>>> print(open('target.txt').read())   # compact mmCIF, C-alpha atoms and all ligand atoms
# COMPACT_ATOMS: atom_id res chain seq x y z
CA MET A 1 42.82 48.83 10.76
CA PRO A 2 39.01 49.26 10.51
CA GLU A 3 37.25 48.04 7.43
CA ASN A 4 34.50 49.71 5.54
CA LEU A 5 31.16 47.91 5.35
CA GLN A 6 28.87 48.68 2.44
CA VAL A 7 25.37 47.84 1.23
CA LEU A 8 25.23 47.41 -2.52
CA LEU A 9 22.33 47.36 -4.95
CA ALA A 10 22.43 43.71 -6.00
CA ALA A 11 19.24 43.54 -8.09
CA ARG A 12 16.59 45.98 -9.27
CA PRO A 13 13.23 45.41 -7.59
CA LYS A 14 10.14 44.41 -9.48
CA GLY A 15 7.42 46.02 -7.41
CA ALA A 16 8.11 45.61 -3.70
CA VAL A 17 11.74 45.70 -2.57
CA GLY A 18 12.95 42.27 -1.46
CA PRO A 19 16.09 41.24 0.43
CA GLU A 20 17.61 39.97 -2.82
CA CYS A 21 17.98 43.58 -3.91
CA PHE A 22 20.85 44.15 -1.48
CA ALA A 23 24.27 42.67 -0.79
CA LEU A 24 26.67 43.36 2.05
CA ARG A 25 30.35 43.82 1.26
CA GLU A 26 33.45 44.52 3.28
CA ALA A 27 35.79 46.95 1.58
CA PRO A 28 39.02 48.77 2.36
CA LEU A 29 38.71 52.24 3.86
CA PRO A 30 38.39 54.87 1.16
CA GLU A 31 41.56 56.90 0.57
CA PRO A 32 40.69 60.59 0.69
CA ALA A 33 42.09 62.48 -2.30
CA HIS A 34 43.43 66.02 -1.97
CA GLY A 35 40.60 68.25 -0.70
CA GLU A 36 38.59 65.28 0.57
CA VAL A 37 37.71 64.38 4.14
CA LEU A 38 37.32 60.87 5.53
CA VAL A 39 34.07 60.63 7.49
CA ARG A 40 32.93 57.87 9.85
CA HIS A 41 29.17 57.77 9.40
CA ARG A 42 27.13 57.69 12.60
CA PHE A 43 23.55 57.97 11.32
CA LEU A 44 22.36 57.05 7.84
CA SER A 45 19.18 58.59 6.48
CA LEU A 46 16.73 56.22 4.77
CA ASP A 47 14.29 58.05 2.53
CA PRO A 48 11.58 57.11 0.04
CA TYR A 49 13.51 58.68 -2.88
CA MET A 50 15.95 55.78 -2.66
CA ARG A 51 13.26 53.45 -3.98
CA GLY A 52 13.20 55.48 -7.19
CA ARG A 53 16.99 55.30 -7.51
CA MET A 54 16.78 51.50 -7.50
CA ASP A 55 14.87 51.56 -10.81
CA ASP A 56 16.69 51.95 -14.08
CA VAL A 57 14.68 55.01 -15.11
CA ARG A 58 15.55 58.56 -15.92
CA SER A 59 14.78 60.94 -13.08
CA TYR A 60 16.18 64.16 -11.61
CA SER A 61 19.14 62.02 -10.46
CA PRO A 62 20.66 59.01 -12.18
CA PRO A 63 19.77 55.54 -10.85
CA VAL A 64 22.15 53.64 -8.59
CA ALA A 65 24.20 51.31 -10.78
CA LEU A 66 23.86 47.59 -10.20
CA GLY A 67 26.65 46.54 -7.83
CA ALA A 68 27.19 50.09 -6.58
CA VAL A 69 26.83 51.32 -3.02
CA MET A 70 23.26 52.38 -2.26
CA GLU A 71 22.82 56.11 -2.21
CA GLY A 72 22.11 57.96 1.01
CA GLN A 73 23.12 60.80 3.23
CA SER A 74 24.56 60.52 6.71
CA VAL A 75 25.85 62.53 9.59
CA GLY A 76 29.13 61.45 11.07
CA GLN A 77 32.48 62.47 12.45
CA VAL A 78 35.67 63.48 10.72
CA VAL A 79 38.30 60.75 11.11
CA ALA A 80 41.45 62.82 10.62
CA ASP A 81 42.26 66.51 10.14
CA ALA A 82 41.85 67.41 6.47
CA ALA A 83 40.84 70.29 4.22
CA GLY A 84 40.01 72.62 7.11
CA PHE A 85 38.05 70.03 9.12
CA ARG A 86 39.27 68.69 12.47
CA ALA A 87 39.15 65.07 13.64
CA GLY A 88 36.04 64.39 15.68
CA GLU A 89 33.97 67.24 14.22
CA TRP A 90 30.36 66.36 13.47
CA VAL A 91 29.43 66.84 9.82
CA LEU A 92 26.49 66.31 7.49
CA GLY A 93 27.27 64.96 4.03
CA GLY A 94 28.68 61.46 4.29
CA ARG A 95 27.59 59.52 1.23
CA GLY A 96 26.18 56.05 0.76
CA TRP A 97 24.95 53.11 2.81
CA GLN A 98 28.34 52.46 4.34
CA LEU A 99 30.40 53.15 7.45
CA TYR A 100 32.95 55.46 5.86
CA SER A 101 33.14 57.77 2.89
CA ALA A 102 35.71 60.20 1.55
CA VAL A 103 33.84 63.39 0.72
CA PRO A 104 35.00 66.61 -0.97
CA ALA A 105 35.19 69.26 1.74
CA ALA A 106 32.74 71.42 -0.19
CA GLY A 107 30.12 68.66 0.17
CA LEU A 108 30.29 68.68 3.97
CA SER A 109 28.67 71.03 6.44
CA ARG A 110 29.38 71.22 10.16
CA ILE A 111 26.47 70.48 12.46
CA ASP A 112 26.01 71.60 16.06
CA ALA A 113 25.63 68.35 17.95
CA GLU A 114 24.99 70.31 21.16
CA ALA A 115 22.04 72.23 19.71
CA ALA A 116 20.21 69.07 18.58
CA PRO A 117 20.95 65.35 18.39
CA PRO A 118 23.04 64.67 15.28
CA SER A 119 20.34 62.50 13.71
CA ALA A 120 17.95 65.50 13.73
CA TYR A 121 20.02 66.99 10.91
CA LEU A 122 18.80 64.13 8.71
CA GLY A 123 15.15 64.66 9.63
CA VAL A 124 13.40 67.53 11.29
CA LEU A 125 16.31 69.97 10.73
CA GLY A 126 17.43 68.39 7.47
CA MET A 127 16.11 67.55 4.04
CA PRO A 128 12.63 66.34 5.12
CA GLY A 129 12.07 69.30 7.45
CA THR A 130 13.16 71.68 4.73
CA THR A 131 10.82 69.93 2.31
CA ALA A 132 7.91 70.52 4.67
CA TRP A 133 8.87 74.18 5.09
CA VAL A 134 9.14 74.78 1.34
CA GLY A 135 5.93 72.91 0.56
CA VAL A 136 3.81 74.64 3.18
CA THR A 137 5.11 78.18 2.79
CA LYS A 138 6.38 78.50 -0.79
CA ILE A 139 4.44 76.00 -2.86
CA LEU A 140 1.11 75.97 -1.07
CA GLY A 141 1.23 79.38 0.61
CA VAL A 142 -1.01 78.12 3.39
CA LYS A 143 -3.11 80.88 4.95
CA PRO A 144 -4.90 81.26 8.31
CA GLY A 145 -8.35 79.75 8.33
CA GLU A 146 -7.68 77.36 5.44
CA THR A 147 -7.94 73.61 5.64
CA PHE A 148 -4.62 71.89 5.03
CA CYS A 149 -4.33 68.16 4.45
CA VAL A 150 -1.16 66.06 4.39
CA SER A 151 -0.64 62.35 3.74
CA ALA A 152 2.01 60.26 5.52
CA ALA A 153 1.24 62.70 8.33
CA SER A 154 3.35 60.99 10.99
CA GLY A 155 6.38 60.62 8.72
CA ALA A 156 9.51 62.68 8.34
CA VAL A 157 7.99 65.34 6.08
CA GLY A 158 4.34 65.12 7.09
CA GLN A 159 4.82 65.59 10.82
CA VAL A 160 6.63 68.90 10.24
CA ALA A 161 4.29 70.05 7.47
CA GLY A 162 1.15 69.72 9.58
CA GLN A 163 2.68 71.53 12.52
CA LEU A 164 3.81 74.39 10.30
CA ALA A 165 0.32 74.69 8.78
CA LYS A 166 -1.13 74.73 12.28
CA ARG A 167 1.27 77.49 13.35
CA ILE A 168 0.08 79.55 10.39
CA GLY A 169 -3.46 79.22 11.67
CA ALA A 170 -4.83 76.61 9.28
CA ARG A 171 -6.90 73.58 10.17
CA ALA A 172 -4.42 70.70 9.85
CA VAL A 173 -5.77 67.31 8.86
CA GLY A 174 -3.50 64.31 8.45
CA ILE A 175 -3.83 60.96 6.75
CA ALA A 176 -1.76 58.12 8.19
CA GLY A 177 -1.69 54.34 8.27
CA GLY A 178 -3.24 52.86 11.41
CA ALA A 179 -4.97 54.02 14.57
CA GLY A 180 -1.73 54.39 16.53
CA LYS A 181 -0.17 56.78 14.02
CA CYS A 182 -3.41 58.78 13.74
CA ARG A 183 -3.64 59.15 17.51
CA HIS A 184 -0.03 60.36 17.65
CA VAL A 185 -0.66 62.89 14.88
CA VAL A 186 -3.52 64.46 16.84
CA GLU A 187 -2.35 64.08 20.42
CA ALA A 188 1.41 64.62 20.13
CA LEU A 189 1.69 66.73 16.99
CA GLY A 190 -1.43 68.84 17.55
CA PHE A 191 -3.21 68.27 14.23
CA ASP A 192 -6.96 68.89 14.31
CA ALA A 193 -7.77 65.45 12.93
CA CYS A 194 -6.14 62.44 11.32
CA CYS A 195 -7.74 59.71 9.22
CA ASP A 196 -6.55 56.15 8.76
CA HIS A 197 -6.00 55.27 5.11
CA ARG A 198 -6.21 51.58 5.92
CA ASP A 199 -9.83 52.08 6.97
CA ALA A 200 -12.23 51.33 4.11
CA ALA A 201 -14.25 54.40 5.13
CA LEU A 202 -11.32 56.78 4.60
CA ALA A 203 -13.18 58.96 2.08
CA GLN A 204 -16.09 59.43 4.46
CA HIS A 205 -13.87 60.08 7.47
CA LEU A 206 -11.77 62.61 5.58
CA ALA A 207 -14.88 64.44 4.36
CA GLU A 208 -16.09 64.64 7.97
CA ALA A 209 -12.67 65.94 9.09
CA CYS A 210 -12.72 68.61 6.38
CA PRO A 211 -16.25 70.07 6.57
CA ASP A 212 -15.16 73.14 4.60
CA GLY A 213 -13.27 71.14 1.99
CA VAL A 214 -9.50 71.25 1.44
CA ASP A 215 -7.67 74.41 0.36
CA ALA A 216 -4.11 73.13 0.43
CA ALA A 217 -3.12 69.49 0.00
CA PHE A 218 0.42 68.26 0.64
CA GLU A 219 0.62 65.01 -1.30
CA ASN A 220 3.21 62.58 0.01
CA THR A 221 1.90 59.20 -1.04
CA GLY A 222 -0.53 59.08 -3.94
CA ALA A 223 -2.68 55.94 -3.78
CA ALA A 224 -5.70 55.88 -1.40
CA PRO A 225 -4.94 59.19 0.39
CA LEU A 226 -4.80 61.07 -2.91
CA HIS A 227 -8.07 59.51 -4.06
CA ALA A 228 -9.72 60.53 -0.79
CA VAL A 229 -8.57 64.14 -0.81
CA TRP A 230 -9.27 64.73 -4.52
CA PRO A 231 -13.06 65.20 -4.33
CA LEU A 232 -12.70 67.48 -1.30
CA LEU A 233 -10.53 70.08 -3.06
CA ASN A 234 -12.14 73.51 -3.03
CA GLU A 235 -12.12 75.92 -5.95
CA PHE A 236 -8.61 77.30 -6.39
CA ALA A 237 -7.20 74.74 -3.97
CA ARG A 238 -3.48 74.09 -4.31
CA VAL A 239 -1.93 70.63 -4.37
CA ALA A 240 1.78 70.22 -3.73
CA PHE A 241 2.92 66.95 -5.27
CA CYS A 242 5.82 66.20 -2.95
CA GLY A 243 6.09 62.45 -3.33
CA MET A 244 4.28 59.31 -4.42
CA VAL A 245 5.81 56.72 -2.11
CA GLY A 246 2.56 54.73 -2.16
CA GLU A 247 2.79 54.22 -5.91
CA THR A 248 6.50 53.71 -6.60
CA SER A 249 6.40 50.02 -5.62
CA ALA A 250 2.91 49.30 -6.92
CA ASP A 251 2.98 46.29 -9.25
CA PRO A 252 1.07 46.50 -11.49
CA ARG A 253 1.20 50.27 -11.60
CA PRO A 254 -2.13 52.00 -10.94
CA PRO A 255 -4.10 52.76 -14.12
CA GLY A 256 -3.85 56.21 -15.66
CA PRO A 257 -0.85 58.47 -16.17
CA SER A 258 1.86 58.07 -13.57
CA LEU A 259 1.67 60.93 -11.06
CA VAL A 260 5.22 60.07 -10.03
CA GLN A 261 6.18 62.07 -13.12
CA VAL A 262 4.65 65.18 -11.56
CA VAL A 263 7.31 65.06 -8.88
CA ARG A 264 10.24 63.77 -10.90
CA LYS A 265 9.83 66.30 -13.71
CA ARG A 266 8.53 69.13 -11.47
CA LEU A 267 5.41 69.39 -13.62
CA ARG A 268 2.91 72.08 -12.76
CA LEU A 269 -0.76 71.15 -13.02
CA GLU A 270 -3.17 74.03 -12.93
CA GLY A 271 -6.83 74.11 -13.74
CA PHE A 272 -8.46 77.19 -15.18
CA ILE A 273 -11.80 78.49 -16.36
CA VAL A 274 -11.75 81.09 -19.12
CA TYR A 275 -14.32 83.26 -17.35
CA ASP A 276 -11.75 83.91 -14.63
CA HIS A 277 -9.99 86.04 -17.28
CA PRO A 278 -12.77 88.33 -18.53
CA ARG A 279 -10.47 90.97 -20.01
CA GLU A 280 -8.94 88.45 -22.39
CA PHE A 281 -12.15 88.16 -24.44
CA ALA A 282 -11.83 91.63 -25.96
CA ALA A 283 -8.06 91.28 -26.26
CA TRP A 284 -8.32 88.04 -28.21
CA ARG A 285 -11.19 89.25 -30.41
CA LYS A 286 -9.04 92.15 -31.58
CA LEU A 287 -5.96 90.02 -32.14
CA GLY A 288 -7.86 87.13 -33.76
CA ALA A 289 -9.82 89.41 -36.10
CA GLY A 290 -6.56 90.83 -37.39
CA LEU A 291 -5.18 87.36 -38.02
CA LEU A 292 -8.36 86.32 -39.85
CA ALA A 293 -8.33 89.45 -41.97
CA ARG A 294 -4.76 88.72 -43.06
CA GLY A 295 -5.52 85.07 -43.77
CA GLU A 296 -3.16 83.95 -41.03
CA LEU A 297 -5.63 81.88 -39.04
CA ALA A 298 -7.39 78.84 -40.51
CA TRP A 299 -10.73 77.72 -39.14
CA ARG A 300 -13.38 75.17 -39.90
CA GLU A 301 -17.03 74.79 -38.95
CA ASP A 302 -19.35 71.81 -38.84
CA VAL A 303 -22.76 73.26 -39.62
CA THR A 304 -26.02 71.45 -39.02
CA GLN A 305 -29.16 72.93 -40.54
CA GLY A 306 -32.27 73.40 -38.42
CA LEU A 307 -32.88 73.63 -34.69
CA GLU A 308 -34.70 70.31 -34.71
CA ARG A 309 -31.41 68.64 -35.56
CA ALA A 310 -29.55 70.31 -32.68
CA PRO A 311 -29.80 67.32 -30.32
CA GLU A 312 -28.46 65.02 -33.01
CA ALA A 313 -25.61 67.45 -33.75
CA PHE A 314 -24.82 67.77 -30.10
CA ARG A 315 -24.68 64.02 -29.60
CA ALA A 316 -22.58 63.68 -32.71
CA MET A 317 -20.11 66.23 -31.35
CA LEU A 318 -19.80 64.42 -28.05
CA ALA A 319 -19.09 61.22 -29.94
CA GLY A 320 -16.46 62.91 -32.10
CA ARG A 321 -18.53 62.88 -35.28
CA ASN A 322 -18.18 66.65 -35.68
CA PHE A 323 -15.32 68.10 -37.72
CA GLY A 324 -14.53 71.60 -36.61
CA LYS A 325 -16.63 73.96 -34.54
CA THR A 326 -20.17 72.65 -34.23
CA VAL A 327 -22.90 75.19 -34.95
CA VAL A 328 -26.52 74.91 -35.88
CA ALA A 329 -27.83 77.18 -38.63
CA LEU A 330 -31.26 78.31 -37.57
CA GLY A 331 -32.52 79.63 -40.87
N1 LIG B 401 9.92 66.47 -3.41
C1 LIG B 401 10.91 66.44 -2.52
O1 LIG B 401 11.87 67.22 -2.56
C2 LIG B 401 10.84 65.44 -1.40
C3 LIG B 401 11.74 65.50 -0.33
C4 LIG B 401 11.56 64.58 0.71
C5 LIG B 401 10.56 63.62 0.65
N2 LIG B 401 9.75 63.60 -0.43
C6 LIG B 401 8.63 62.65 -0.52
O2 LIG B 401 7.77 62.88 0.59
C7 LIG B 401 7.09 61.67 0.92
C8 LIG B 401 7.27 61.40 2.40
O3 LIG B 401 8.65 61.18 2.65
P1 LIG B 401 9.16 60.94 4.15
O4 LIG B 401 10.64 60.97 4.09
O5 LIG B 401 8.46 61.86 5.05
O6 LIG B 401 8.71 59.44 4.40
P2 LIG B 401 7.89 58.88 5.65
O7 LIG B 401 6.55 59.54 5.63
O8 LIG B 401 8.69 59.03 6.89
O9 LIG B 401 7.78 57.33 5.32
C9 LIG B 401 7.03 56.88 4.24
C10 LIG B 401 5.55 56.71 4.63
O10 LIG B 401 4.77 56.60 3.45
C11 LIG B 401 3.54 56.01 3.79
N3 LIG B 401 3.13 55.07 2.72
C12 LIG B 401 3.88 54.14 2.12
N4 LIG B 401 3.13 53.43 1.24
C13 LIG B 401 1.88 53.95 1.29
C14 LIG B 401 0.67 53.67 0.60
N5 LIG B 401 0.58 52.69 -0.31
N6 LIG B 401 -0.42 54.39 0.89
C15 LIG B 401 -0.35 55.39 1.80
N7 LIG B 401 0.77 55.70 2.49
C16 LIG B 401 1.88 54.99 2.23
C17 LIG B 401 3.73 55.30 5.13
O11 LIG B 401 3.06 56.07 6.12
P3 LIG B 401 1.60 55.66 6.65
O12 LIG B 401 1.73 54.39 7.36
O13 LIG B 401 1.17 56.81 7.48
O14 LIG B 401 0.76 55.53 5.41
C18 LIG B 401 5.22 55.42 5.38
O15 LIG B 401 5.50 55.50 6.76
C19 LIG B 401 7.68 60.60 0.01
O16 LIG B 401 6.84 60.40 -1.10
C20 LIG B 401 9.00 61.20 -0.44
O17 LIG B 401 9.44 60.67 -1.65
C21 LIG B 401 9.87 64.47 -1.45
>>> encode(input="target.txt", output="structure tokens", more="lines below")
Ligand SMILES: NC(=O)c1ccc[n+]([C@@H]2O[C@H](COP(=O)([O-])OP(=O)(O)OC[C@H]3O[C@@H](n4cnc5c(N)ncnc54)[C@H](OP(=O)(O)O)[C@@H]3O)[C@@H](O)[C@H]2O)c1
Amino acid sequence: MPENLQVLLAARPKGAVGPECFALREAPLPEPAHGEVLVRHRFLSLDPYMRGRMDDVRSYSPPVALGAVMEGQSVGQVVADAAGFRAGEWVLGGRGWQLYSAVPAAGLSRIDAEAAPPSAYLGVLGMPGTTAWVGVTKILGVKPGETFCVSAASGAVGQVAGQLAKRIGARAVGIAGGAGKCRHVVEALGFDACCDHRDAALAQHLAEACPDGVDAAFENTGAAPLHAVWPLLNEFARVAFCGMVGETSADPRPPGPSLVQVVRKRLRLEGFIVYDHPREFAAWRKLGAGLLARGELAWREDVTQGLERAPEAFRAMLAGRNFGKTVVALG
């Protein structure tokens, strides 16, 4: 009788993930309940999101419990006929870092192992490929002639994202770690350029690779690549915060608010300038005047007398020594 083999979360990492975080355990084969299918996993997907699940923090999914099987998706084969599936069929949906799992039939989907190697359903045809597709077309809406930039460009998501942007007719620029990856991104994947984030001159190289700035940035890592692309963003550029794998293990965490939250809580960051909304001036004046007239809007001014005191008042305002709207009465 075969045994199951499992990888458990043995300890939560502090910063980088060490070997002490995992433990190997032999276990009996899972007993499929009614409506469940026993699957022998053949390929396990390892993805950056798993790092987040190792921390005891609230996210869009609960953390892996200490002592529990590490979370992950696999493709595999059905062990015995059950719930409409036939033994030997290839399926996507096995759960956990283990050799076998019993999965509700509704959580499994058949894959065509003739059309593509089974492992492709974990990558290019699976979750990462779909992520690239959604990010490029739905979130960023990349257009022909734009400059598109993606970090972790040779990785599961990035390699697809850049090729999709290229197919749309954009200039595709990647950021990757090391000369070998960068060469692959340009020569094998067809990006227009790729810059090495391990090179101290990344910012300069990226600026040279994006002479017209960046219109659409697909952010996969945070850290140095995000810092390099930030000053190159054009007006009305879009940034898709897909992942922050470069920051999730950083210890100590980088200063400033954690951009990991942008992904985990699906925050939307959008800059605006009021003059992009010229019609709202008249609309607000009418509405606000009514509120003032009815005593429904409180307001306060900080009035300085005399133009000669304007510089002083201005400096005071910048230092927070104003109280209310700063104006200068000119007599
Ligand atoms: N939002 C979603 O639904 C969703 C779905 C899937 C994936 N993701 C996110 O997408 C990102 C890419 O995932 P993936 O599966 O395609 O992984 P991947 O790119 O195949 O592998 C991770 C890569 O991250 C890069 N990296 C790690 N630490 C870095 C650092 N400090 N600075 C710069 N780069 C660093 C490395 O590439 P280099 O050597 O090239 O730097 C590494 O190869 C991850 O952040 C992941 O969490 C999000």
>>> residues_near_ligand(input="target.txt", ligand="ligand LIG 401 (chain B)", cutoff="9 Å", atoms="all atoms listed in the file", output="ChimeraX atom specification")
/A:46-52,123,127-132,134-135,151-160,174-178,181-182,196-198,219-226,240-250,263-264,266
>>> closest_residue(input="target.txt", among="A:Phe43, A:Leu108, A:Pro254, A:Val185", to="Ala120 (chain A)", atoms="only C-alpha atoms")
A:Phe43
>>> closest_residue(input="target.txt", among="A:Ala228, A:Ala188, A:Leu297, A:Tyr100", to="Ala201 (chain A)", atoms="only C-alpha atoms")
A:Ala228
>>> closest_residue(input="target.txt", among="A:Pro211, A:Gly88, A:Pro255, A:Gly93", to="Gly72 (chain A)", atoms="only C-alpha atoms")
A:Gly93
>>> axis_aligned_box(input="target.txt", around="region 167-171 of chain A", padding_each_side="4 Å", output="JSON")
{"center_x": -2.8, "center_y": 76.6, "center_z": 11.3, "size_x": 16.2, "size_y": 14.0, "size_z": 12.1}
>>> atom_distance(input="target.txt", atom1="CA of Ala193 (chain A)", atom2="CA of Lys166 (chain A)")
11.4 Å
>>> residues_around(input="target.txt", residues="Gly169 (chain A)", least_positions_apart="4", cutoff="7 Å", atoms="all atoms listed in the file", output="PyMOL selection string")
chain A and resi 143-145+165
>>> closest_residue(input="target.txt", among="A:His205, A:Lys138, A:Arg309, A:Arg12", to="Val328 (chain A)", atoms="all atoms listed in the file")
A:Arg309
>>> residues_around(input="target.txt", residues="Ala11 (chain A)", least_positions_apart="3", cutoff="9 Å", atoms="only C-alpha atoms", output="PyMOL selection string")
chain A and resi 20-23+54+66-67
>>> atom_distance(input="target.txt", atom1="CA of Pro252 (chain A)", atom2="CA of Gly18 (chain A)")
16.1 Å
>>> closest_residue(input="target.txt", among="A:Pro19, A:Pro2, A:Gly180, A:Gly126", to="Leu99 (chain A)", atoms="all atoms listed in the file")
A:Pro2
